[in-house]
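*Asks:* Sharing a structure below in structure tokens format, with a few things to ask.
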Amino acid sequence: MFTKEYALSLLNTGSTEVEALYRRADEVRKHACGEDVFLRGIIEFSNICAADCTYCGIRASNREVERFKIPSDEIVETALAAKSAGITTVVLQAGESQAVSDQELGQIIRRIKEESGLAITLSVGNRSEQTYRYWQACGMDRYLLRFETSDAELFGRVHGSCSLDERLECLRSLRRLGVQTGSGFLIGLPGERLEILADNIMLCRELDLDMIGIGPFIPHPHTPLGSFPNAYADQPEMFFKALAVLRIFNPTAHIPATTAFDAVFPDKGRDLLLQRGANVFMPNITPAKYRSMYLLYPNKPGLVESECECLQCAAHLVKRLGRPIGKGPGHTLKRR
Ligand code: SF4
């Protein structure tokens, strides 16, 4: 049943049936994941990146970016404050670089774990299995590494620094180690066809991911793809259809309502996602003074709110939908 042809047929759902598709995705989410919405607080701790992805605002070649790295103590303090505010998971995210060394990051993980017991997710790009193992020993629970596109040729065109195979090998390393593994893709890279979008969904299913994050391609203007439109610019409903089909094909994966949807559909993107298959919300708890320097794409929401306001806003949204905020760490729902 879960074939590429079936994924394609669902992605081709017409406007008269699309609400039924969304209702079905919501039912699958409810049955497999329950009503809880888990909050994961993201700390974007450095925008220094050695990679040069052709759409990303903090790519190495973008000289207009003011670079930063948050001192270790401030990262730990931010995590502890999030714990006091009721957050149970922190996501430490940064560009792919050694600006914060593997050892330094290991110490940060260790301190957060020892001082708070929070679940810790890392998202800092391709690393060796040895490094992942070290961070796991320090207290890392989960790792996010998007494959971005399942099409090797398209991947090569947008990511100069590694191949799709290398990226997938990192995901396999994480899985071997027993780290809860998240990946995902961009919707609508220039040159993407519906076939590739269906393949992306199939690859998520094949990888049996614990978490899957997807978001519309939104190029930053100071990048080589800056003037390229999204492949579905004339049919933005495709972004929601992709998430709904992703949920139907991956019932027990944690799927966040990602911020990029709010950039395309202001004030309602993430809200709608939580009603169309998503079960996780990721408020940005990066100290406000750094936010505007971490612009992967333009018009990123939430640049001016304080950490506390972002959390309150997330809690308010979840309550408005009549859903409870998940208690506990919200670990994987997979039984392996
Ligand atoms: S997408 Fe990630 S790895 Fe690529 S340039 Fe941006 S921060 Fe660096």
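Identifiers in this document derive from the order of the structure tokens: chains are assigned A, B, ..., residues are numbered from 1 separately in each chain, and ligands are numbered from 1 in order of occurrence.
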May I have the residues within 7 Å of ligand 1, computed using only C-alpha atoms and all ligand atoms, as a list in words?
*Replies:*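 The neighbouring residues of ligand 1 are, in order, Asn47, Cys49, Ala50, Ala51, Asp52, Cys53, Cys56, Gly57, Ile58, Arg59, Ala60, Ala94, Gly95, Glu96, Gly125, His159 and Leu296 of chain A.
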*Asks:* Identify, on the basis of only C-alpha atoms, every residue whose closest approach to Asp210 (chain A) does not exceed 9 Å; exclude the query and any residue fewer than 3 positions from it along the same chain; express the result as a list in words.
*Replies:*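 Contacts, in chain order: Arg142, Gln180, Thr181, Gly182, Ser183, Thr252, Ala253, His254, Ile255, His331, Thr332, Leu333 and Lys334 of chain A.
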*Asks:* Those residues you just picked out, can you put them in a file as a tab-separated table (two decimals), in the first residue's frame with C-alpha atoms?
*Replies:*
```tsv
chain	number	residue	atom	x	y	z
A	142	ARG	CA	18.78	12.63	19.51
A	180	GLN	CA	17.08	8.78	18.09
A	181	THR	CA	17.47	9.97	14.54
A	182	GLY	CA	15.69	12.73	12.69
A	183	SER	CA	15.93	13.80	9.09
A	252	THR	CA	4.69	7.08	14.57
A	253	ALA	CA	7.39	9.62	13.66
A	254	HIS	CA	7.52	12.87	15.58
A	255	ILE	CA	6.80	15.55	12.99
A	331	HIS	CA	11.18	10.36	23.22
A	332	THR	CA	10.67	8.28	20.10
A	333	LEU	CA	7.39	6.47	19.64
A	334	LYS	CA	9.06	3.70	17.66
```
*Asks:* May I ask which of the residues A:Asn279, A:Asn250, A:Thr149, A:Ser123 is the closest one to Asp165 (chain A), counting only C-alpha atoms?
*Replies:*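 The closest residue to Asp165 (chain A) is A:Thr149.
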*Asks:* Under the rule that only C-alpha atoms are counted, which of A:Gln136, A:His220, A:Ser61, A:Ala99 is the nearest residue to Tyr294 (chain A)?
*Replies:*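 Counting only C-alpha atoms, the residue closest to Tyr294 (chain A) is A:His220.
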*Asks:* If you count only C-alpha atoms, which residues fall within 9 Å of Arg157 (chain A), apart from same-chain ones fewer than 3 positions away, as a CSV table (one decimal) with N, CA and C atoms, in the first residue's frame?
*Replies:*
```csv
chain,number,residue,atom,x,y,z
A,53,CYS,N,25.9,25.7,1.2
A,53,CYS,CA,24.7,25.3,0.5
A,53,CYS,C,24.1,26.5,-0.2
A,54,THR,N,23.6,26.3,-1.4
A,54,THR,CA,23.4,27.4,-2.3
A,54,THR,C,22.1,28.2,-2.1
A,152,ALA,N,20.1,12.4,-5.9
A,152,ALA,CA,21.6,12.6,-5.7
A,152,ALA,C,22.1,13.7,-6.5
A,153,GLU,N,21.6,13.9,-7.7
A,153,GLU,CA,22.1,14.9,-8.6
A,153,GLU,C,21.7,16.3,-8.1
A,154,LEU,N,20.4,16.4,-7.7
A,154,LEU,CA,19.9,17.7,-7.1
A,154,LEU,C,20.7,18.0,-5.8
A,160,GLY,N,27.6,21.7,-2.0
A,160,GLY,CA,28.9,21.4,-2.5
A,160,GLY,C,29.8,20.5,-1.6
```
*Asks:* So how far away is CA of Ala82 (chain A) from CA of Glu307 (chain A), in Å?
*Replies:* 8.4 Å
*Asks:* Quick one: pick out all alpha helix (DSSP H) residues within region 171-212 of chain A from a backbone DSSP run and write them as a list in words.
*Replies:*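 Secondary structure check on region 171-212 of chain A, alpha helix (DSSP H): Leu171, Arg172, Ser173, Leu174, Arg175, Arg176, Leu177, Leu194, Glu195, Ile196, Leu197, Ala198, Asp199, Asn200, Ile201, Met202, Leu203, Cys204, Arg205, Glu206 and Leu207 of chain A.
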*Asks:* If we count only C-alpha atoms, what is near Asp26 (chain A) at a cut-off of 8 Å, once residues fewer than 3 positions away on the same chain are taken out, given as a list in words?
*Replies:*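 In the requested format, the answer is Tyr22, Arg23, Arg29, Lys30, Ala244, Gln275, Arg276, Gly277 and Ala278 of chain A.
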*Asks:* Create the file for the chosen residues now, containing C-alpha atoms and written as a tab-separated table (two decimals), in the first residue's frame.
*Replies:*
```
chain	number	residue	atom	x	y	z
A	22	TYR	CA	-5.83	16.62	5.87
A	23	ARG	CA	-8.50	15.03	8.07
A	29	ARG	CA	-1.52	11.42	13.98
A	30	LYS	CA	-4.17	11.13	16.68
A	244	ALA	CA	-0.10	15.22	5.29
A	275	GLN	CA	-4.12	20.10	12.38
A	276	ARG	CA	-2.76	18.28	9.34
A	277	GLY	CA	-0.37	15.74	10.81
A	278	ALA	CA	2.28	17.49	12.94
```
*Asks:* Which residue out of A:Arg176, A:Leu8, A:Ala119, A:Leu39 has the minimum interatomic distance to Leu317 (chain A) when only C-alpha atoms are used?
*Replies:* A:Leu39
